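Below: the structure, in structure tokens.
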Amino acid sequence: MEENINLDNLDLDRSYTVEEFELISKKLKFSSIEIKGQPVNLFELDESGKLVPMPPTVISMEAVACEIARQLANWNVWTRQNGIVTSSQGGYDFNVGGLVTIRAPDVAFLTRDVYDDLTQEQRDSFQGDPFSLIFAVEVSDLSDRSVFQNLDDKIKYEYFAPESSVKRVWLVDPKNKQIHLYRRGMNRYPWGWRNIDGGEVLPDFILDVSEIDEIIEDSESESSASSSSQGTERSNGSEMSVSAEGSATSSSSDSPESFDCPICDETFDDYYYFMRHFENEHVRLRRRRRRRVRN
């Protein structure tokens, strides 16, 4: 099969098998090709078996996707969900109409129960039984109406295909400061640009858009927003809750005064090392112990 796959001469009008798709994806890990003047190092696979080129994302969009993934991953650890967070490199088979349809959301969340039940073949290839996530995020500049229409169709007809398990999707447009909320069985809801919660799908998770604003706004606006945000945090939260967010300090100095871990006897003078300690010793360690007991 390998001799038949030439990255420099891919036919986007033909249908490819899952095995061929996997081989192409592996080859693209070490090289890229150019299609219509754009470099491509990632493909999706639609329900007809055709390759869908996914050019590299511009840094401004990718930075926002990474920030959303960071907030989601923090929630996943701190609330002990123990789920799996993936980026646009993580492909899922949405099994549209019973046909293999491999898509890679910019951010996705898969529950631990589903992940633990996967076979080795499902984890290491696209050739096992299909499975999908429960939550996805797409990040894009929607100024072009056709871009919005393509993503809207993708979410409604593929992510929410009857065979998939997706329950909620956010379409985030940081360029125009818009979030579109999709829920299975309901119409798209234009959310605007404000904090949004994960509902029953991601209990207690709230996406803080001010953290995204710090990425997308210019340095002058960013400085102003940062000063305003820190002032609010100092007036509304305790020293420990502010330090847990890692976005404010107890004094004008970059180095805080020494403080104790509220659970054990460890003492810290740096928020970063305190957060590492708290996560590893008081969140992840307890989670690992519970898993060992269950097993």
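Residue names in the structure tokens use chain letters A, B, ... in the order shown, residue numbers from 1 in each chain, and ligand numbers from 1 in the order shown.
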
Near-Tyr189 of chain A list (9 Å; only C-alpha atoms; drop same-chain fewer than 3 positions) as a PyMOL selection string: chain A and resi 179-183+186

Need the shell around segment 35-45 of chain A: protein/DNA/RNA residues with any atom at most 6 Å away, counting only C-alpha atoms. Skip same-chain ones fewer than 4 positions apart. Format as a ChimeraX atom specification? /A:28,49-55,101-103

Output file for the residues above (all heavy atoms, as a PDB file, in the first residue's frame):
```
ATOM      1  N   LEU A  28       2.626  12.643   7.007  1.00  0.00           N
ATOM      2  CA  LEU A  28       2.568  14.088   7.174  1.00  0.00           C
ATOM      3  C   LEU A  28       3.140  14.553   8.503  1.00  0.00           C
ATOM      4  O   LEU A  28       3.284  15.757   8.727  1.00  0.00           O
ATOM      5  CB  LEU A  28       1.130  14.578   7.015  1.00  0.00           C
ATOM      6  CG  LEU A  28       0.589  14.566   5.586  1.00  0.00           C
ATOM      7  CD1 LEU A  28      -0.899  14.898   5.560  1.00  0.00           C
ATOM      8  CD2 LEU A  28       1.360  15.549   4.712  1.00  0.00           C
ATOM      9  N   GLY A  49     -15.159   9.232   2.137  1.00  0.00           N
ATOM     10  CA  GLY A  49     -13.790   8.752   2.070  1.00  0.00           C
ATOM     11  C   GLY A  49     -12.821   9.717   1.424  1.00  0.00           C
ATOM     12  O   GLY A  49     -11.665   9.368   1.168  1.00  0.00           O
ATOM     13  N   LYS A  50     -13.264  10.952   1.149  1.00  0.00           N
ATOM     14  CA  LYS A  50     -12.385  11.929   0.516  1.00  0.00           C
ATOM     15  C   LYS A  50     -11.595  12.711   1.565  1.00  0.00           C
ATOM     16  O   LYS A  50     -12.097  13.003   2.650  1.00  0.00           O
ATOM     17  CB  LYS A  50     -13.196  12.885  -0.355  1.00  0.00           C
ATOM     18  CG  LYS A  50     -13.807  12.194  -1.573  1.00  0.00           C
ATOM     19  CD  LYS A  50     -14.521  13.188  -2.478  1.00  0.00           C
ATOM     20  CE  LYS A  50     -15.067  12.480  -3.712  1.00  0.00           C
ATOM     21  NZ  LYS A  50     -15.775  13.420  -4.627  1.00  0.00           N
ATOM     22  N   LEU A  51     -10.370  13.038   1.199  1.00  0.00           N
ATOM     23  CA  LEU A  51      -9.500  13.788   2.095  1.00  0.00           C
ATOM     24  C   LEU A  51      -9.934  15.248   2.139  1.00  0.00           C
ATOM     25  O   LEU A  51     -10.206  15.856   1.107  1.00  0.00           O
ATOM     26  CB  LEU A  51      -8.051  13.703   1.621  1.00  0.00           C
ATOM     27  CG  LEU A  51      -7.410  12.308   1.600  1.00  0.00           C
ATOM     28  CD1 LEU A  51      -6.039  12.389   0.931  1.00  0.00           C
ATOM     29  CD2 LEU A  51      -7.291  11.734   2.992  1.00  0.00           C
ATOM     30  N   VAL A  52      -9.972  15.814   3.350  1.00  0.00           N
ATOM     31  CA  VAL A  52     -10.313  17.221   3.535  1.00  0.00           C
ATOM     32  C   VAL A  52      -9.067  17.932   4.067  1.00  0.00           C
ATOM     33  O   VAL A  52      -8.674  17.721   5.220  1.00  0.00           O
ATOM     34  CB  VAL A  52     -11.476  17.396   4.527  1.00  0.00           C
ATOM     35  CG1 VAL A  52     -11.825  18.867   4.677  1.00  0.00           C
ATOM     36  CG2 VAL A  52     -12.696  16.587   4.084  1.00  0.00           C
ATOM     37  N   PRO A  53      -8.392  18.746   3.242  1.00  0.00           N
ATOM     38  CA  PRO A  53      -7.159  19.416   3.695  1.00  0.00           C
ATOM     39  C   PRO A  53      -7.434  20.360   4.867  1.00  0.00           C
ATOM     40  O   PRO A  53      -8.422  21.078   4.884  1.00  0.00           O
ATOM     41  CB  PRO A  53      -6.711  20.204   2.456  1.00  0.00           C
ATOM     42  CG  PRO A  53      -7.435  19.581   1.310  1.00  0.00           C
ATOM     43  CD  PRO A  53      -8.736  19.094   1.856  1.00  0.00           C
ATOM     44  N   MET A  54      -6.532  20.353   5.839  1.00  0.00           N
ATOM     45  CA  MET A  54      -6.616  21.236   6.994  1.00  0.00           C
ATOM     46  C   MET A  54      -5.305  22.018   7.087  1.00  0.00           C
ATOM     47  O   MET A  54      -4.352  21.586   7.746  1.00  0.00           O
ATOM     48  CB  MET A  54      -6.849  20.424   8.270  1.00  0.00           C
ATOM     49  CG  MET A  54      -8.075  19.523   8.233  1.00  0.00           C
ATOM     50  SD  MET A  54      -9.616  20.451   8.078  1.00  0.00           S
ATOM     51  CE  MET A  54      -9.695  21.237   9.681  1.00  0.00           C
ATOM     52  N   PRO A  55      -5.220  23.178   6.409  1.00  0.00           N
ATOM     53  CA  PRO A  55      -3.988  23.977   6.459  1.00  0.00           C
ATOM     54  C   PRO A  55      -3.666  24.398   7.888  1.00  0.00           C
ATOM     55  O   PRO A  55      -4.572  24.458   8.751  1.00  0.00           O
ATOM     56  CB  PRO A  55      -4.325  25.200   5.594  1.00  0.00           C
ATOM     57  CG  PRO A  55      -5.474  24.764   4.728  1.00  0.00           C
ATOM     58  CD  PRO A  55      -6.263  23.791   5.572  1.00  0.00           C
ATOM     59  N   THR A 101     -16.207   8.872   9.310  1.00  0.00           N
ATOM     60  CA  THR A 101     -16.071  10.316   9.106  1.00  0.00           C
ATOM     61  C   THR A 101     -15.142  10.847  10.185  1.00  0.00           C
ATOM     62  O   THR A 101     -15.550  11.002  11.334  1.00  0.00           O
ATOM     63  CB  THR A 101     -17.441  11.022   9.186  1.00  0.00           C
ATOM     64  OG1 THR A 101     -18.364  10.378   8.306  1.00  0.00           O
ATOM     65  CG2 THR A 101     -17.313  12.494   8.818  1.00  0.00           C
ATOM     66  N   ILE A 102     -13.894  11.086   9.834  1.00  0.00           N
ATOM     67  CA  ILE A 102     -12.891  11.461  10.825  1.00  0.00           C
ATOM     68  C   ILE A 102     -12.712  12.977  10.828  1.00  0.00           C
ATOM     69  O   ILE A 102     -12.300  13.572   9.834  1.00  0.00           O
ATOM     70  CB  ILE A 102     -11.551  10.758  10.551  1.00  0.00           C
ATOM     71  CG1 ILE A 102     -11.753   9.242  10.642  1.00  0.00           C
ATOM     72  CG2 ILE A 102     -10.491  11.216  11.548  1.00  0.00           C
ATOM     73  CD1 ILE A 102     -10.559   8.429  10.197  1.00  0.00           C
ATOM     74  N   ARG A 103     -13.044  13.574  11.956  1.00  0.00           N
ATOM     75  CA  ARG A 103     -12.905  15.015  12.144  1.00  0.00           C
ATOM     76  C   ARG A 103     -12.045  15.287  13.372  1.00  0.00           C
ATOM     77  O   ARG A 103     -12.007  14.479  14.306  1.00  0.00           O
ATOM     78  CB  ARG A 103     -14.273  15.669  12.315  1.00  0.00           C
ATOM     79  CG  ARG A 103     -15.179  15.551  11.081  1.00  0.00           C
ATOM     80  CD  ARG A 103     -14.594  16.250   9.879  1.00  0.00           C
ATOM     81  NE  ARG A 103     -15.561  16.425   8.798  1.00  0.00           N
ATOM     82  CZ  ARG A 103     -15.253  16.951   7.616  1.00  0.00           C
ATOM     83  NH1 ARG A 103     -14.019  17.348   7.363  1.00  0.00           N
ATOM     84  NH2 ARG A 103     -16.187  17.082   6.679  1.00  0.00           N
TER      85      ARG A 103
END
```

Using DSSP assignments from the backbone, pull out every residue in segment 61-142 of chain A that falls under strand (DSSP E) and give it to me as a list in words.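 For segment 61-142 of chain A, the strand (DSSP E) set is Ile84, Val85, Thr86, Ser87, Tyr92, Asp93, Ile102, Arg103, Val107, Ala108, Phe109, Leu110, Phe135, Ala136, Val137, Glu138 and Val139 of chain A.
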
Residues from last step as file, N, CA and C atoms, as a CSV table (one decimal), in the first residue's frame:
```
chain,number,residue,atom,x,y,z
A,84,ILE,N,-10.4,13.2,29.2
A,84,ILE,CA,-9.3,13.4,28.2
A,84,ILE,C,-9.6,14.6,27.4
A,85,VAL,N,-8.6,15.5,27.3
A,85,VAL,CA,-8.7,16.8,26.5
A,85,VAL,C,-7.8,16.6,25.3
A,86,THR,N,-8.3,16.9,24.1
A,86,THR,CA,-7.5,16.8,22.9
A,86,THR,C,-7.6,18.1,22.1
A,87,SER,N,-6.6,18.2,21.2
A,87,SER,CA,-6.5,19.4,20.4
A,87,SER,C,-6.8,19.0,18.9
A,92,TYR,N,-11.5,12.0,15.6
A,92,TYR,CA,-12.6,11.1,16.1
A,92,TYR,C,-13.4,10.7,14.9
A,93,ASP,N,-13.9,9.5,14.9
A,93,ASP,CA,-14.8,9.0,13.9
A,93,ASP,C,-16.3,9.3,14.3
A,102,ILE,N,-13.9,11.1,9.8
A,102,ILE,CA,-12.9,11.5,10.8
A,102,ILE,C,-12.7,13.0,10.8
A,103,ARG,N,-13.0,13.6,12.0
A,103,ARG,CA,-12.9,15.0,12.1
A,103,ARG,C,-12.0,15.3,13.4
A,107,VAL,N,-10.7,21.8,20.0
A,107,VAL,CA,-10.6,21.3,21.4
A,107,VAL,C,-11.8,20.3,21.5
A,108,ALA,N,-11.5,19.2,22.3
A,108,ALA,CA,-12.5,18.2,22.5
A,108,ALA,C,-12.3,17.6,23.9
A,109,PHE,N,-13.4,17.1,24.4
A,109,PHE,CA,-13.4,16.4,25.8
A,109,PHE,C,-14.1,15.1,25.7
A,110,LEU,N,-13.4,14.1,26.2
A,110,LEU,CA,-13.8,12.7,26.2
A,110,LEU,C,-13.9,12.2,27.6
A,135,PHE,N,-18.0,16.8,24.0
A,135,PHE,CA,-18.0,18.2,23.9
A,135,PHE,C,-16.9,18.6,22.9
A,136,ALA,N,-17.1,19.7,22.1
A,136,ALA,CA,-16.1,20.1,21.1
A,136,ALA,C,-16.2,21.6,21.0
A,137,VAL,N,-15.0,22.2,20.6
A,137,VAL,CA,-14.9,23.6,20.3
A,137,VAL,C,-14.3,23.8,19.0
A,138,GLU,N,-14.8,24.7,18.1
A,138,GLU,CA,-14.2,25.1,16.9
A,138,GLU,C,-13.9,26.6,17.0
A,139,VAL,N,-12.7,27.0,16.6
A,139,VAL,CA,-12.2,28.4,16.7
A,139,VAL,C,-11.9,28.9,15.3
```

Residues near segment 64-71 of chain A, cut-off 10 Å, only C-alpha atoms, skip fewer than 5 positions along chain, as a PyMOL selection string: chain A and resi 57+59+76+85-88+105-109+137-140+172-174+205-209+211-216

Written file, previous selection with N, CA, C and O atoms, as a compact mmCIF listing (two decimals), in the first residue's frame:
```txt
# COMPACT_ATOMS: atom_id res chain seq x y z
N THR A 57 -3.21 26.41 11.22
CA THR A 57 -3.99 27.53 11.74
C THR A 57 -3.09 28.72 12.03
O THR A 57 -1.98 28.55 12.53
N ILE A 59 -1.53 31.81 13.97
CA ILE A 59 -1.14 31.80 15.38
C ILE A 59 -2.20 32.42 16.28
O ILE A 59 -2.42 31.97 17.41
N ASN A 76 -10.61 20.01 34.33
CA ASN A 76 -10.59 18.56 34.31
C ASN A 76 -9.80 17.98 35.48
O ASN A 76 -10.21 17.00 36.11
N VAL A 85 -8.63 15.55 27.34
CA VAL A 85 -8.74 16.76 26.54
C VAL A 85 -7.82 16.63 25.34
O VAL A 85 -6.64 16.30 25.49
N THR A 86 -8.35 16.88 24.13
CA THR A 86 -7.53 16.77 22.93
C THR A 86 -7.57 18.07 22.13
O THR A 86 -8.47 18.90 22.29
N SER A 87 -6.58 18.22 21.24
CA SER A 87 -6.47 19.39 20.37
C SER A 87 -6.85 19.00 18.95
O SER A 87 -7.36 17.91 18.70
N SER A 88 -6.54 19.88 17.99
CA SER A 88 -6.88 19.61 16.60
C SER A 88 -6.06 18.47 16.00
O SER A 88 -6.30 18.08 14.86
N PRO A 105 -11.74 18.24 16.00
CA PRO A 105 -12.11 19.55 16.58
C PRO A 105 -10.90 20.26 17.15
O PRO A 105 -9.94 19.62 17.59
N ASP A 106 -10.96 21.59 17.19
CA ASP A 106 -9.86 22.35 17.76
C ASP A 106 -9.62 22.00 19.22
O ASP A 106 -8.49 21.95 19.70
N VAL A 107 -10.71 21.77 19.96
CA VAL A 107 -10.63 21.32 21.35
C VAL A 107 -11.76 20.30 21.55
O VAL A 107 -12.85 20.49 21.02
N ALA A 108 -11.47 19.25 22.28
CA ALA A 108 -12.50 18.23 22.52
C ALA A 108 -12.33 17.63 23.91
O ALA A 108 -11.23 17.64 24.47
N PHE A 109 -13.43 17.10 24.44
CA PHE A 109 -13.39 16.44 25.75
C PHE A 109 -14.07 15.09 25.66
O PHE A 109 -15.20 14.97 25.17
N VAL A 137 -15.04 22.18 20.59
CA VAL A 137 -14.93 23.61 20.31
C VAL A 137 -14.27 23.79 18.95
O VAL A 137 -13.27 23.12 18.66
N GLU A 138 -14.83 24.67 18.15
CA GLU A 138 -14.18 25.08 16.90
C GLU A 138 -13.88 26.57 17.03
O GLU A 138 -14.73 27.35 17.48
N VAL A 139 -12.67 26.97 16.63
CA VAL A 139 -12.24 28.36 16.70
C VAL A 139 -11.94 28.85 15.29
O VAL A 139 -11.15 28.23 14.57
N SER A 140 -12.57 29.96 14.90
CA SER A 140 -12.35 30.44 13.55
C SER A 140 -12.78 31.90 13.41
O SER A 140 -13.63 32.38 14.17
N VAL A 172 -16.36 29.41 18.38
CA VAL A 172 -15.79 30.63 18.96
C VAL A 172 -15.11 31.46 17.86
O VAL A 172 -14.23 30.95 17.14
N ASP A 173 -15.53 32.70 17.76
CA ASP A 173 -14.95 33.64 16.80
C ASP A 173 -14.30 34.79 17.57
O ASP A 173 -14.95 35.80 17.87
N PRO A 174 -13.01 34.66 17.91
CA PRO A 174 -12.35 35.73 18.69
C PRO A 174 -12.15 37.00 17.88
O PRO A 174 -12.05 38.09 18.46
N PHE A 205 -17.78 23.97 34.86
CA PHE A 205 -16.77 24.59 34.00
C PHE A 205 -17.31 25.90 33.43
O PHE A 205 -18.43 25.95 32.92
N ILE A 206 -16.51 26.94 33.53
CA ILE A 206 -16.86 28.24 32.96
C ILE A 206 -15.67 28.75 32.14
O ILE A 206 -14.55 28.86 32.66
N LEU A 207 -15.91 29.04 30.89
CA LEU A 207 -14.88 29.63 30.05
C LEU A 207 -14.81 31.12 30.35
O LEU A 207 -15.79 31.85 30.19
N ASP A 208 -13.64 31.58 30.77
CA ASP A 208 -13.42 32.99 31.10
C ASP A 208 -12.91 33.70 29.86
O ASP A 208 -11.75 33.54 29.47
N VAL A 209 -13.77 34.49 29.21
CA VAL A 209 -13.37 35.13 27.96
C VAL A 209 -12.37 36.25 28.18
O VAL A 209 -11.68 36.66 27.23
N GLU A 211 -9.66 35.97 29.67
CA GLU A 211 -8.36 35.36 29.41
C GLU A 211 -8.08 35.31 27.91
O GLU A 211 -6.92 35.40 27.48
N ILE A 212 -9.12 35.14 27.11
CA ILE A 212 -8.95 35.17 25.65
C ILE A 212 -8.68 36.60 25.19
O ILE A 212 -7.88 36.84 24.30
N ASP A 213 -9.37 37.57 25.83
CA ASP A 213 -9.16 38.97 25.48
C ASP A 213 -7.70 39.37 25.63
O ASP A 213 -7.18 40.17 24.84
N GLU A 214 -7.03 38.83 26.62
CA GLU A 214 -5.63 39.18 26.84
C GLU A 214 -4.76 38.72 25.67
O GLU A 214 -3.69 39.28 25.43
N ILE A 215 -5.23 37.71 24.95
CA ILE A 215 -4.48 37.20 23.80
C ILE A 215 -4.77 38.03 22.56
O ILE A 215 -3.86 38.38 21.80
N ILE A 216 -6.03 38.36 22.34
CA ILE A 216 -6.42 38.94 21.06
C ILE A 216 -6.36 40.46 21.02
O ILE A 216 -6.32 41.05 19.94
```

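The space between atom CA of Ile134 of chain A and atom CA of Arg184 of chain A spans 10.3 Å.
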
Could you check which of A:Ala63, A:Leu7, A:Val169, A:Leu99 is closest to Ser32 of chain A, using only C-alpha atoms?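 Counting only C-alpha atoms, the residue closest to Ser32 of chain A is A:Leu7.
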